[in-house]
Amino acid sequence: MSDFSLVILFASVLATAAPLIIAALGETITEKAGVINLSLDGSLLLAAMIGFMVSYETGSLIMGFAAAALTGALVAIVVGIFGIYLGLLQVAVGFALTLMCKDLAYFLGNPYSRLQGPQMLSVKIPLLSDIPFLGPVLFQQPLMVYLALLLIAAVWWYLFRTERGLELRAVGENPEAAYTRGIDPRRKQLLYTAIGGALIGIAGAAYSLGIKPGWGRPQGIEGLGWIALAIVIFGGWHPLKVALGAYLFAFLQVIGITLQGVWPSVPAQVFQVAPFPLMIFALVMINLLQRESVQGWVSAHPLLQTLIRQLQCSPPRALGKSYRPD
Amino acid sequence: MRMQGLKRHLFEIGLILGMVVLFTTLLLSLVGASPLEAFSHLFAGSLGSWAKFSRVLNVWIPLTLCSIGLLYAFRTGLWNIGVEGQVVMGAIGATAVLRLGLEASHPLFYLLAALLMGMAFAALWALFAGWLKVRGGVHEIFAGLGLNFVAMGFVLWVIFGPWKRDGIASMSGTQPFPLELWFPSLPGWRVSPFALGLTLAIILLTAWVLYRSRIGLNLDAVGRNPRAVRLFGLSPSRYMLLAIMVSGALAGLAGGLQVTGIYHRLIPSISSGYGYLGLLVVMLANFRLAPVPFIALFFAALNVGSIQLPMMMQLDSSLAGVIQGACVLSALLVFGLRTLRKRGPSDE
């Protein structure tokens with residue numbers, strides 16, 4: 001444990017969490033508008049591959065990110081059109097897409113596996129990065145980390161402090177009422193599904209062009225999309241709590257890698273699955289807290305009550321239900 | 001009336017296949033491969049000879065079992081996405097029993113006990129996901145997925161830990177079982193006739209249970225209207241747990257047959273993704289039993305045929321998965337357009 005350092009630990013938690021936050025916030029926007037995009041895990045992988053391929057061919061990181069965002073948006077639009085306009089089960093469409101995008105990524109990415117391509121380097125912010133401890137943790141990171149932090153604030157601001165954010169939430173909670181107010185719920189839902197998908201695409205490229213550079217089979221990010229989906233529930237569809245959840249899971253992942261050094265005989269995959277039971281446990285806890293019996297016990301402890309009120313959440317009321325104007 | 005229904009069915013199937021072929025042709029042209037060559041490899045690699053077709057049947061058996069299990073869960077409205085992990089747990093349960101029977105004088109007894117233990121293991125694993133849904137309020141998609149990853153970690157742990165091969169622990173799996181503990185297959189066949197017969201029997205039994213029996217009626221009622229079911233004195237959550245356990249048991253049987261009949265040892269990728277693929281089969285079958293065996297056969301042929309692609313054409317074998325996904329999406333599109341047209345074009 002001699003080379004264990006808090007600086008490295010915190011720095012890698014911030015970096016590991018960045019793509020997870022971007023993807024989970026994308027899904028939060030989509031679900032707040034009332035649509036479940038279950039294709040996240042597959043489109044993350046496909047966008048990672050497309051992002052790497054395009055930036056390898058063009059030599060431009062920006063082109064790679066743009067192509068990845070477009071990929072994510074296109075997949076999301078398929079979910080949107082099938083789910084919102086054709087009235088199909090959003091979960092079914094999303095699940096079929098997640099498997100198909102994964103295979104499509106391996107199929108199209110075959111010639112690009114194990115190539116050395118462009119990748120994002122850490123950005124050192126002058127002066128600030130010289131601060132002891134905080135400097136290396138906060139100000140010497142890939143650009144993605146700063147983007148993720150900005151996005152948390154931006155999504156929160158948009159959802160809860162702007163007129164359009166109010167409309168977004170209205171469409172997700174009560175599309176009929178929104179319709180009578182002159183909003184077209186389906187167009188709004190399709191728009192925010194596409195925007196959410198674009199963010200998922202950017203997250204994919206953040207892996208293949210930064211956090212886990214390159215392309216291969218397996219890429220090593222399989223399953224992370226599901227984690228991101230769970231984090232959205234864990235965070236109660238609130239951008240700040242979603243971000244907190246992402247940092248928590250990133251922390252678990254990094255700790256897992258550290259522990260692997262302590263017990264080298266245990267295969268890496270065992271540590272990689274560690275976040276999943278914890279995710280289930282967290283979801284059970286959140287549900288238990290909403291029980292009346294627990295509520296009664298809690299109300300006797302005022303300090304606990306404020307804490308638990310923070311943890312409570314309910315999904316957008318129209319989530320997953322396709323709206324049909326009569 | 002019946003003729004018209006049949007005509008419409010055939011038209012829809014043709015439409016779906018047409019879209020899939022068009023999409024696949026475009027995709028292959030995009031990567032600079034000859035579509036005709038790829039299609040002929042897929043065909044010859046799966047149906048070209050009896051040996052190849054028996055390999056297809058070996059995929060068909062676990063895929064059909066998983067898909068049929070899923071039908072039970074879907075009846076009650078449950079998305080048993082955990083079927084993948086349930087296959088793995090079934091394989092672990094079966095392996096545990098076979099390890100006890102290494103020196104035994106009644107290998108057949110241990111083989112059957114292994115299958116039963118696999119079913120029990122997987123049913124309990126499925127019950128856990130169902131219990132998390134019914135009592136813990138965790139959506140079964142997340143409970144199931146989480147448990148899939150846990151099962152994956154578990155199988156790796158037993159292969160690298162307690163059941164590791166003498167000397168080296170590796171991804172190639174546990175020590176292969178002696179020949180006495182293999183399910184016998186006929187000379188020239190790669191398929192175990194026992195597994196094939198069992199699967200056919202389960203298809204027929206399921207047809208009776210789901211469409212003719214009281215239990216099937218109740219399962220269906222739970223899926224359609226849980227509140228009304230309660231008025232009749234039935235407990236929806238009990239039927240959900242029953243359905244997901246049957247679903248898990250059939251997945252476990254698939255896992256057990258993978259160990260006893262195909263690989264003759266426990267390997268990390270023992271489930272081969274049949275659980276997830278089964279979900280696609282059932283969706284493409286529009287949640288009905290009759291098309292399941294045929295779709296499973298088609299998907300199995302794609303899986304086996306695509307094994308040739310990397311060698312012959314330097315293409316990734318995941319083309320099979322892309323075609324399967326395209327089938328499901330095209331079918332969903334056709335089903336969606338059909339219901340849309342029925343409702344009338346009101347304001348579309």
# chains A, B, ... in the order shown; residues from 1 in each chain; ligands from 1
>>> select_by_dssp(residues="range 48-124 of chain B", states="alpha helix (DSSP H)", output="short mmCIF file (atom, residue, chain, number, x, y, z; two decimals) with all heavy atoms, in the first residue's frame")
data_model
loop_
_atom_site.label_atom_id
_atom_site.label_comp_id
_atom_site.auth_asym_id
_atom_site.auth_seq_id
_atom_site.Cartn_x
_atom_site.Cartn_y
_atom_site.Cartn_z
N TRP B 50 -24.65 -31.84 -42.74
CA TRP B 50 -25.32 -32.37 -41.56
C TRP B 50 -24.56 -32.00 -40.29
O TRP B 50 -25.15 -31.64 -39.28
CB TRP B 50 -25.47 -33.88 -41.71
CG TRP B 50 -26.07 -34.52 -40.51
CD1 TRP B 50 -25.52 -35.47 -39.73
CD2 TRP B 50 -27.35 -34.24 -39.94
NE1 TRP B 50 -26.36 -35.80 -38.70
CE2 TRP B 50 -27.50 -35.05 -38.81
CE3 TRP B 50 -28.38 -33.35 -40.27
CZ2 TRP B 50 -28.63 -35.02 -38.00
CZ3 TRP B 50 -29.52 -33.32 -39.46
CH2 TRP B 50 -29.63 -34.15 -38.35
N ALA B 51 -23.22 -32.06 -40.37
CA ALA B 51 -22.41 -31.72 -39.19
C ALA B 51 -22.67 -30.27 -38.77
O ALA B 51 -22.79 -29.97 -37.58
CB ALA B 51 -20.94 -31.91 -39.51
N LYS B 52 -22.77 -29.39 -39.77
CA LYS B 52 -23.01 -27.98 -39.44
C LYS B 52 -24.40 -27.78 -38.89
O LYS B 52 -24.61 -27.02 -37.95
CB LYS B 52 -22.78 -27.11 -40.67
CG LYS B 52 -21.30 -26.86 -40.90
CD LYS B 52 -21.01 -26.26 -42.24
CE LYS B 52 -19.50 -26.15 -42.41
NZ LYS B 52 -19.12 -26.24 -43.82
N PHE B 53 -25.37 -28.49 -39.49
CA PHE B 53 -26.74 -28.32 -39.00
C PHE B 53 -26.88 -28.84 -37.57
O PHE B 53 -27.62 -28.28 -36.77
CB PHE B 53 -27.73 -29.04 -39.92
CG PHE B 53 -29.15 -28.81 -39.51
CD1 PHE B 53 -29.71 -27.54 -39.60
CD2 PHE B 53 -29.93 -29.84 -39.01
CE1 PHE B 53 -31.01 -27.31 -39.20
CE2 PHE B 53 -31.24 -29.62 -38.62
CZ PHE B 53 -31.78 -28.35 -38.71
N SER B 54 -26.12 -29.90 -37.23
CA SER B 54 -26.23 -30.39 -35.86
C SER B 54 -25.63 -29.36 -34.90
O SER B 54 -26.07 -29.25 -33.75
CB SER B 54 -25.56 -31.76 -35.71
OG SER B 54 -24.19 -31.67 -35.98
N ARG B 55 -24.66 -28.59 -35.38
CA ARG B 55 -24.14 -27.51 -34.54
C ARG B 55 -25.22 -26.43 -34.33
O ARG B 55 -25.34 -25.85 -33.27
CB ARG B 55 -22.90 -26.90 -35.21
CG ARG B 55 -21.77 -26.68 -34.23
CD ARG B 55 -20.50 -26.26 -34.93
NE ARG B 55 -19.77 -27.39 -35.50
CZ ARG B 55 -18.85 -27.27 -36.46
NH1 ARG B 55 -18.58 -26.08 -36.98
NH2 ARG B 55 -18.22 -28.33 -36.91
N VAL B 56 -25.99 -26.18 -35.40
CA VAL B 56 -27.09 -25.22 -35.29
C VAL B 56 -28.09 -25.70 -34.22
O VAL B 56 -28.54 -24.92 -33.39
CB VAL B 56 -27.80 -25.03 -36.64
CG1 VAL B 56 -29.06 -24.20 -36.49
CG2 VAL B 56 -26.86 -24.38 -37.65
N LEU B 57 -28.38 -27.01 -34.26
CA LEU B 57 -29.32 -27.55 -33.27
C LEU B 57 -28.79 -27.38 -31.85
O LEU B 57 -29.53 -27.14 -30.91
CB LEU B 57 -29.60 -29.03 -33.55
CG LEU B 57 -30.51 -29.30 -34.74
CD1 LEU B 57 -30.68 -30.80 -34.93
CD2 LEU B 57 -31.87 -28.64 -34.56
N ASN B 58 -27.47 -27.49 -31.70
CA ASN B 58 -26.87 -27.31 -30.38
C ASN B 58 -27.05 -25.89 -29.86
O ASN B 58 -27.04 -25.66 -28.66
CB ASN B 58 -25.38 -27.65 -30.43
CG ASN B 58 -25.14 -29.12 -30.18
OD1 ASN B 58 -25.99 -29.79 -29.60
ND2 ASN B 58 -24.00 -29.61 -30.62
N VAL B 59 -27.15 -24.92 -30.77
CA VAL B 59 -27.45 -23.55 -30.34
C VAL B 59 -28.96 -23.40 -30.14
O VAL B 59 -29.41 -22.70 -29.23
CB VAL B 59 -26.94 -22.53 -31.38
CG1 VAL B 59 -27.32 -21.11 -30.98
CG2 VAL B 59 -25.44 -22.64 -31.54
N TRP B 60 -29.71 -24.09 -31.02
CA TRP B 60 -31.17 -23.97 -30.97
C TRP B 60 -31.72 -24.41 -29.62
O TRP B 60 -32.63 -23.79 -29.07
CB TRP B 60 -31.78 -24.82 -32.08
CG TRP B 60 -33.27 -24.81 -32.13
CD1 TRP B 60 -34.05 -23.82 -32.65
CD2 TRP B 60 -34.16 -25.82 -31.63
NE1 TRP B 60 -35.37 -24.16 -32.52
CE2 TRP B 60 -35.47 -25.38 -31.90
CE3 TRP B 60 -33.97 -27.05 -31.00
CZ2 TRP B 60 -36.60 -26.12 -31.55
CZ3 TRP B 60 -35.10 -27.78 -30.66
CH2 TRP B 60 -36.39 -27.33 -30.92
N ILE B 61 -31.15 -25.50 -29.05
CA ILE B 61 -31.68 -26.05 -27.79
C ILE B 61 -31.65 -25.02 -26.66
O ILE B 61 -32.70 -24.67 -26.11
CB ILE B 61 -30.95 -27.35 -27.42
CG1 ILE B 61 -31.35 -28.45 -28.41
CG2 ILE B 61 -31.24 -27.78 -25.99
CD1 ILE B 61 -30.49 -29.69 -28.33
N PRO B 62 -30.47 -24.46 -26.29
CA PRO B 62 -30.51 -23.50 -25.18
C PRO B 62 -31.27 -22.22 -25.53
O PRO B 62 -31.94 -21.66 -24.67
CB PRO B 62 -29.02 -23.21 -24.93
CG PRO B 62 -28.32 -23.62 -26.16
CD PRO B 62 -29.11 -24.73 -26.76
N LEU B 63 -31.19 -21.80 -26.78
CA LEU B 63 -31.88 -20.56 -27.17
C LEU B 63 -33.39 -20.73 -27.05
O LEU B 63 -34.09 -19.84 -26.55
CB LEU B 63 -31.48 -20.19 -28.60
CG LEU B 63 -31.99 -18.85 -29.11
CD1 LEU B 63 -31.54 -17.72 -28.22
CD2 LEU B 63 -31.49 -18.60 -30.54
N THR B 64 -33.89 -21.88 -27.49
CA THR B 64 -35.33 -22.14 -27.39
C THR B 64 -35.76 -22.24 -25.94
O THR B 64 -36.79 -21.68 -25.55
CB THR B 64 -35.68 -23.44 -28.13
OG1 THR B 64 -35.21 -23.34 -29.47
CG2 THR B 64 -37.17 -23.69 -28.15
N LEU B 65 -34.96 -22.93 -25.13
CA LEU B 65 -35.32 -23.06 -23.71
C LEU B 65 -35.39 -21.69 -23.04
O LEU B 65 -36.33 -21.39 -22.31
CB LEU B 65 -34.30 -23.96 -22.99
CG LEU B 65 -34.38 -25.44 -23.34
CD1 LEU B 65 -33.24 -26.20 -22.70
CD2 LEU B 65 -35.73 -26.01 -22.88
N CYS B 66 -34.39 -20.82 -23.29
CA CYS B 66 -34.41 -19.48 -22.70
C CYS B 66 -35.63 -18.71 -23.18
O CYS B 66 -36.31 -18.03 -22.40
CB CYS B 66 -33.15 -18.71 -23.09
SG CYS B 66 -31.67 -19.30 -22.28
N SER B 67 -35.91 -18.78 -24.48
CA SER B 67 -37.03 -18.01 -25.04
C SER B 67 -38.35 -18.46 -24.45
O SER B 67 -39.21 -17.64 -24.12
CB SER B 67 -37.07 -18.16 -26.56
OG SER B 67 -35.81 -17.91 -27.12
N ILE B 68 -38.52 -19.77 -24.31
CA ILE B 68 -39.78 -20.29 -23.77
C ILE B 68 -39.93 -19.87 -22.31
O ILE B 68 -41.01 -19.46 -21.88
CB ILE B 68 -39.84 -21.81 -23.94
CG1 ILE B 68 -40.06 -22.10 -25.42
CG2 ILE B 68 -40.93 -22.43 -23.09
CD1 ILE B 68 -40.27 -23.52 -25.75
N GLY B 69 -38.83 -19.93 -21.58
CA GLY B 69 -38.89 -19.44 -20.20
C GLY B 69 -39.33 -17.99 -20.15
O GLY B 69 -40.17 -17.62 -19.33
N LEU B 70 -38.80 -17.19 -21.06
CA LEU B 70 -39.16 -15.77 -21.08
C LEU B 70 -40.65 -15.57 -21.33
O LEU B 70 -41.26 -14.63 -20.80
CB LEU B 70 -38.35 -15.05 -22.16
CG LEU B 70 -36.92 -14.77 -21.75
CD1 LEU B 70 -36.07 -14.41 -22.96
CD2 LEU B 70 -36.88 -13.63 -20.75
N LEU B 71 -41.25 -16.46 -22.13
CA LEU B 71 -42.69 -16.34 -22.41
C LEU B 71 -43.50 -16.38 -21.11
O LEU B 71 -44.46 -15.62 -20.96
CB LEU B 71 -43.14 -17.47 -23.33
CG LEU B 71 -42.79 -17.33 -24.81
CD1 LEU B 71 -43.23 -18.58 -25.54
CD2 LEU B 71 -43.46 -16.11 -25.40
N TYR B 72 -43.10 -17.27 -20.18
CA TYR B 72 -43.83 -17.36 -18.91
C TYR B 72 -43.74 -16.02 -18.16
O TYR B 72 -44.74 -15.53 -17.65
CB TYR B 72 -43.23 -18.47 -18.03
CG TYR B 72 -43.60 -19.87 -18.46
CD1 TYR B 72 -42.81 -20.57 -19.35
CD2 TYR B 72 -44.73 -20.48 -17.94
CE1 TYR B 72 -43.14 -21.87 -19.74
CE2 TYR B 72 -45.07 -21.78 -18.32
CZ TYR B 72 -44.27 -22.46 -19.22
OH TYR B 72 -44.62 -23.72 -19.60
N ALA B 73 -42.52 -15.46 -18.10
CA ALA B 73 -42.36 -14.21 -17.36
C ALA B 73 -43.12 -13.07 -18.04
O ALA B 73 -43.79 -12.27 -17.38
CB ALA B 73 -40.88 -13.86 -17.24
N PHE B 74 -43.05 -13.02 -19.38
CA PHE B 74 -43.73 -11.94 -20.10
C PHE B 74 -45.24 -12.02 -19.92
O PHE B 74 -45.93 -11.02 -19.93
CB PHE B 74 -43.39 -12.01 -21.59
CG PHE B 74 -42.16 -11.24 -21.96
CD1 PHE B 74 -41.09 -11.84 -22.59
CD2 PHE B 74 -42.07 -9.88 -21.67
CE1 PHE B 74 -39.95 -11.13 -22.94
CE2 PHE B 74 -40.94 -9.15 -22.01
CZ PHE B 74 -39.88 -9.78 -22.65
N ARG B 75 -45.77 -13.25 -19.76
CA ARG B 75 -47.21 -13.42 -19.53
C ARG B 75 -47.67 -12.56 -18.38
O ARG B 75 -48.76 -12.00 -18.39
CB ARG B 75 -47.50 -14.89 -19.20
CG ARG B 75 -47.72 -15.74 -20.39
CD ARG B 75 -49.05 -15.42 -21.00
NE ARG B 75 -48.93 -15.42 -22.43
CZ ARG B 75 -49.77 -16.02 -23.25
NH1 ARG B 75 -50.81 -16.65 -22.76
NH2 ARG B 75 -49.60 -15.96 -24.54
N VAL B 83 -32.25 -13.48 -17.37
CA VAL B 83 -32.18 -14.85 -17.88
C VAL B 83 -30.73 -15.24 -18.21
O VAL B 83 -30.32 -16.38 -18.02
CB VAL B 83 -33.13 -15.01 -19.09
CG1 VAL B 83 -32.79 -14.07 -20.20
CG2 VAL B 83 -33.15 -16.42 -19.60
N GLU B 84 -29.94 -14.28 -18.63
CA GLU B 84 -28.53 -14.54 -18.93
C GLU B 84 -27.78 -15.07 -17.70
O GLU B 84 -27.08 -16.08 -17.77
CB GLU B 84 -27.89 -13.23 -19.42
CG GLU B 84 -26.46 -13.33 -19.86
CD GLU B 84 -26.31 -13.94 -21.24
OE1 GLU B 84 -27.31 -14.05 -21.98
OE2 GLU B 84 -25.18 -14.33 -21.55
N GLY B 85 -27.97 -14.38 -16.58
CA GLY B 85 -27.33 -14.82 -15.35
C GLY B 85 -27.90 -16.14 -14.85
O GLY B 85 -27.20 -16.93 -14.22
N GLN B 86 -29.19 -16.37 -15.15
CA GLN B 86 -29.81 -17.62 -14.71
C GLN B 86 -29.22 -18.81 -15.47
O GLN B 86 -29.07 -19.89 -14.90
CB GLN B 86 -31.33 -17.53 -14.89
CG GLN B 86 -31.98 -16.59 -13.87
CD GLN B 86 -33.18 -15.85 -14.42
OE1 GLN B 86 -33.81 -16.30 -15.38
NE2 GLN B 86 -33.52 -14.73 -13.82
N VAL B 87 -28.87 -18.62 -16.74
CA VAL B 87 -28.18 -19.68 -17.48
C VAL B 87 -26.84 -20.00 -16.79
O VAL B 87 -26.49 -21.17 -16.58
CB VAL B 87 -27.92 -19.26 -18.94
CG1 VAL B 87 -27.11 -20.32 -19.67
CG2 VAL B 87 -29.22 -19.00 -19.68
N VAL B 88 -26.13 -18.95 -16.41
CA VAL B 88 -24.83 -19.14 -15.75
C VAL B 88 -24.99 -19.88 -14.43
O VAL B 88 -24.26 -20.83 -14.15
CB VAL B 88 -24.15 -17.76 -15.52
CG1 VAL B 88 -22.90 -17.92 -14.68
CG2 VAL B 88 -23.83 -17.10 -16.85
N MET B 89 -26.00 -19.47 -13.63
CA MET B 89 -26.19 -20.14 -12.35
C MET B 89 -26.59 -21.61 -12.55
O MET B 89 -26.19 -22.47 -11.76
CB MET B 89 -27.27 -19.41 -11.52
CG MET B 89 -26.86 -18.02 -11.06
SD MET B 89 -25.22 -17.91 -10.32
CE MET B 89 -25.56 -18.51 -8.68
N GLY B 90 -27.39 -21.87 -13.59
CA GLY B 90 -27.75 -23.25 -13.89
C GLY B 90 -26.51 -24.08 -14.20
O GLY B 90 -26.38 -25.22 -13.75
N ALA B 91 -25.60 -23.48 -14.97
CA ALA B 91 -24.37 -24.18 -15.32
C ALA B 91 -23.53 -24.44 -14.07
O ALA B 91 -22.94 -25.52 -13.92
CB ALA B 91 -23.58 -23.36 -16.34
N ILE B 92 -23.50 -23.48 -13.16
CA ILE B 92 -22.72 -23.66 -11.93
C ILE B 92 -23.33 -24.77 -11.08
O ILE B 92 -22.62 -25.64 -10.57
CB ILE B 92 -22.65 -22.33 -11.13
CG1 ILE B 92 -21.82 -21.31 -11.91
CG2 ILE B 92 -22.06 -22.56 -9.75
CD1 ILE B 92 -21.78 -19.94 -11.29
N GLY B 93 -24.66 -24.75 -10.96
CA GLY B 93 -25.33 -25.79 -10.18
C GLY B 93 -25.07 -27.18 -10.74
O GLY B 93 -24.77 -28.12 -10.00
N ALA B 94 -25.15 -27.29 -12.07
CA ALA B 94 -24.91 -28.59 -12.71
C ALA B 94 -23.46 -29.03 -12.49
O ALA B 94 -23.20 -30.21 -12.19
CB ALA B 94 -25.22 -28.49 -14.20
N THR B 95 -22.54 -28.11 -12.63
CA THR B 95 -21.13 -28.45 -12.44
C THR B 95 -20.88 -28.95 -11.01
O THR B 95 -20.13 -29.91 -10.81
CB THR B 95 -20.23 -27.24 -12.74
OG1 THR B 95 -20.59 -26.72 -14.01
CG2 THR B 95 -18.77 -27.61 -12.73
N ALA B 96 -21.52 -28.29 -10.05
CA ALA B 96 -21.32 -28.68 -8.65
C ALA B 96 -21.70 -30.15 -8.45
O ALA B 96 -20.98 -30.89 -7.78
CB ALA B 96 -22.16 -27.78 -7.74
N VAL B 97 -22.83 -30.57 -9.04
CA VAL B 97 -23.25 -31.96 -8.88
C VAL B 97 -22.30 -32.91 -9.61
O VAL B 97 -21.91 -33.95 -9.07
CB VAL B 97 -24.69 -32.15 -9.38
CG1 VAL B 97 -25.07 -33.62 -9.42
CG2 VAL B 97 -25.66 -31.40 -8.49
N LEU B 98 -21.92 -32.55 -10.83
CA LEU B 98 -21.04 -33.43 -11.60
C LEU B 98 -19.71 -33.63 -10.90
O LEU B 98 -19.11 -34.71 -10.98
CB LEU B 98 -20.81 -32.87 -13.00
CG LEU B 98 -21.99 -32.94 -13.97
CD1 LEU B 98 -21.54 -32.54 -15.36
CD2 LEU B 98 -22.59 -34.33 -14.00
N ARG B 99 -19.24 -32.62 -10.21
CA ARG B 99 -17.97 -32.77 -9.50
C ARG B 99 -18.07 -33.82 -8.41
O ARG B 99 -17.09 -34.49 -8.09
CB ARG B 99 -17.52 -31.43 -8.91
CG ARG B 99 -17.06 -30.44 -9.97
CD ARG B 99 -16.69 -29.12 -9.35
NE ARG B 99 -15.51 -29.22 -8.51
CZ ARG B 99 -14.27 -29.14 -8.96
NH1 ARG B 99 -14.04 -28.94 -10.24
NH2 ARG B 99 -13.25 -29.22 -8.13
N LEU B 100 -19.28 -33.93 -7.82
CA LEU B 100 -19.47 -34.97 -6.81
C LEU B 100 -19.46 -36.35 -7.44
O LEU B 100 -19.10 -37.34 -6.80
CB LEU B 100 -20.82 -34.76 -6.10
CG LEU B 100 -20.96 -33.54 -5.21
CD1 LEU B 100 -22.37 -33.44 -4.69
CD2 LEU B 100 -19.96 -33.61 -4.06
N PRO B 107 -23.27 -42.92 -13.48
CA PRO B 107 -23.11 -41.59 -14.10
C PRO B 107 -24.45 -40.97 -14.53
O PRO B 107 -24.64 -39.77 -14.41
CB PRO B 107 -22.20 -41.84 -15.31
CG PRO B 107 -22.20 -43.31 -15.51
CD PRO B 107 -22.52 -43.93 -14.21
N LEU B 108 -25.39 -41.82 -15.00
CA LEU B 108 -26.65 -41.28 -15.50
C LEU B 108 -27.41 -40.57 -14.39
O LEU B 108 -28.01 -39.51 -14.59
CB LEU B 108 -27.50 -42.39 -16.11
CG LEU B 108 -28.65 -41.87 -16.96
CD1 LEU B 108 -28.12 -41.13 -18.19
CD2 LEU B 108 -29.56 -43.02 -17.39
N PHE B 109 -27.37 -41.16 -13.19
CA PHE B 109 -28.03 -40.54 -12.05
C PHE B 109 -27.46 -39.14 -11.81
O PHE B 109 -28.20 -38.17 -11.61
CB PHE B 109 -27.83 -41.41 -10.80
CG PHE B 109 -28.20 -40.72 -9.53
CD1 PHE B 109 -29.54 -40.56 -9.18
CD2 PHE B 109 -27.22 -40.20 -8.70
CE1 PHE B 109 -29.88 -39.91 -8.01
CE2 PHE B 109 -27.56 -39.53 -7.53
CZ PHE B 109 -28.89 -39.39 -7.19
N TYR B 110 -26.12 -39.03 -11.86
CA TYR B 110 -25.51 -37.73 -11.61
C TYR B 110 -25.82 -36.73 -12.72
O TYR B 110 -25.98 -35.53 -12.47
CB TYR B 110 -24.00 -37.88 -11.41
CG TYR B 110 -23.68 -38.30 -10.01
CD1 TYR B 110 -23.50 -39.64 -9.69
CD2 TYR B 110 -23.61 -37.37 -8.98
CE1 TYR B 110 -23.26 -40.05 -8.39
CE2 TYR B 110 -23.36 -37.76 -7.68
CZ TYR B 110 -23.18 -39.09 -7.39
OH TYR B 110 -22.95 -39.48 -6.09
N LEU B 111 -25.92 -37.23 -13.95
CA LEU B 111 -26.25 -36.33 -15.06
C LEU B 111 -27.63 -35.72 -14.86
O LEU B 111 -27.81 -34.50 -15.01
CB LEU B 111 -26.20 -37.09 -16.39
CG LEU B 111 -24.81 -37.27 -16.99
CD1 LEU B 111 -24.87 -38.21 -18.19
CD2 LEU B 111 -24.25 -35.91 -17.41
N LEU B 112 -28.60 -36.56 -14.49
CA LEU B 112 -29.95 -36.05 -14.29
C LEU B 112 -30.02 -35.14 -13.07
O LEU B 112 -30.66 -34.09 -13.09
CB LEU B 112 -30.94 -37.21 -14.16
CG LEU B 112 -31.11 -38.03 -15.44
CD1 LEU B 112 -32.02 -39.22 -15.20
CD2 LEU B 112 -31.65 -37.15 -16.56
N ALA B 113 -29.32 -35.57 -12.00
CA ALA B 113 -29.28 -34.73 -10.80
C ALA B 113 -28.65 -33.39 -11.10
O ALA B 113 -29.07 -32.34 -10.58
CB ALA B 113 -28.51 -35.44 -9.69
N ALA B 114 -27.65 -33.38 -11.99
CA ALA B 114 -26.98 -32.13 -12.34
C ALA B 114 -27.97 -31.17 -13.01
O ALA B 114 -28.01 -29.98 -12.70
CB ALA B 114 -25.80 -32.41 -13.27
N LEU B 115 -28.78 -31.71 -13.92
CA LEU B 115 -29.76 -30.86 -14.60
C LEU B 115 -30.77 -30.29 -13.61
O LEU B 115 -31.10 -29.11 -13.64
CB LEU B 115 -30.50 -31.65 -15.69
CG LEU B 115 -29.68 -32.04 -16.91
CD1 LEU B 115 -30.58 -32.70 -17.94
CD2 LEU B 115 -28.99 -30.83 -17.51
N LEU B 116 -31.24 -31.16 -12.69
CA LEU B 116 -32.22 -30.69 -11.70
C LEU B 116 -31.61 -29.63 -10.80
O LEU B 116 -32.23 -28.62 -10.50
CB LEU B 116 -32.71 -31.88 -10.85
CG LEU B 116 -33.66 -32.82 -11.59
CD1 LEU B 116 -34.01 -34.01 -10.71
CD2 LEU B 116 -34.93 -32.07 -12.01
N MET B 117 -30.36 -29.85 -10.38
CA MET B 117 -29.70 -28.88 -9.52
C MET B 117 -29.51 -27.56 -10.27
O MET B 117 -29.69 -26.48 -9.70
CB MET B 117 -28.35 -29.43 -9.05
CG MET B 117 -27.62 -28.52 -8.09
SD MET B 117 -28.60 -28.20 -6.62
CE MET B 117 -27.76 -29.23 -5.45
N GLY B 118 -29.15 -27.65 -11.54
CA GLY B 118 -29.00 -26.44 -12.35
C GLY B 118 -30.31 -25.67 -12.40
O GLY B 118 -30.33 -24.44 -12.23
N MET B 119 -31.42 -26.39 -12.60
CA MET B 119 -32.72 -25.74 -12.66
C MET B 119 -33.06 -25.08 -11.32
O MET B 119 -33.56 -23.96 -11.27
CB MET B 119 -33.80 -26.76 -13.04
CG MET B 119 -33.68 -27.24 -14.47
SD MET B 119 -34.81 -28.60 -14.84
CE MET B 119 -36.35 -27.71 -15.06
N ALA B 120 -32.74 -25.79 -10.24
CA ALA B 120 -33.05 -25.25 -8.91
C ALA B 120 -32.23 -23.99 -8.62
O ALA B 120 -32.76 -22.97 -8.17
CB ALA B 120 -32.79 -26.31 -7.85
N PHE B 121 -30.93 -24.06 -8.92
CA PHE B 121 -30.05 -22.90 -8.72
C PHE B 121 -30.60 -21.68 -9.46
O PHE B 121 -30.73 -20.60 -8.91
CB PHE B 121 -28.66 -23.23 -9.28
CG PHE B 121 -27.62 -23.46 -8.23
CD1 PHE B 121 -27.82 -24.41 -7.24
CD2 PHE B 121 -26.42 -22.75 -8.25
CE1 PHE B 121 -26.86 -24.63 -6.29
CE2 PHE B 121 -25.45 -22.97 -7.30
CZ PHE B 121 -25.67 -23.92 -6.32
N ALA B 122 -30.90 -21.90 -10.74
CA ALA B 122 -31.32 -20.78 -11.59
C ALA B 122 -32.69 -20.27 -11.16
O ALA B 122 -32.95 -19.07 -11.18
CB ALA B 122 -31.34 -21.23 -13.04
N ALA B 123 -33.57 -21.18 -10.74
CA ALA B 123 -34.90 -20.75 -10.30
C ALA B 123 -34.78 -19.87 -9.06
O ALA B 123 -35.47 -18.86 -8.94
CB ALA B 123 -35.77 -21.97 -10.01
N LEU B 124 -33.89 -20.25 -8.15
CA LEU B 124 -33.70 -19.43 -6.95
C LEU B 124 -33.10 -18.07 -7.31
O LEU B 124 -33.49 -17.04 -6.76
CB LEU B 124 -32.78 -20.15 -5.95
CG LEU B 124 -33.44 -21.29 -5.18
CD1 LEU B 124 -32.43 -21.98 -4.28
CD2 LEU B 124 -34.61 -20.75 -4.36
#
>>> interface_residues(of="chain A", to="chain B", cutoff="6 Å", atoms="only C-alpha atoms", output="PyMOL selection string")
chain A and resi 86+96+100+103-104+107+270+273+276+284+287
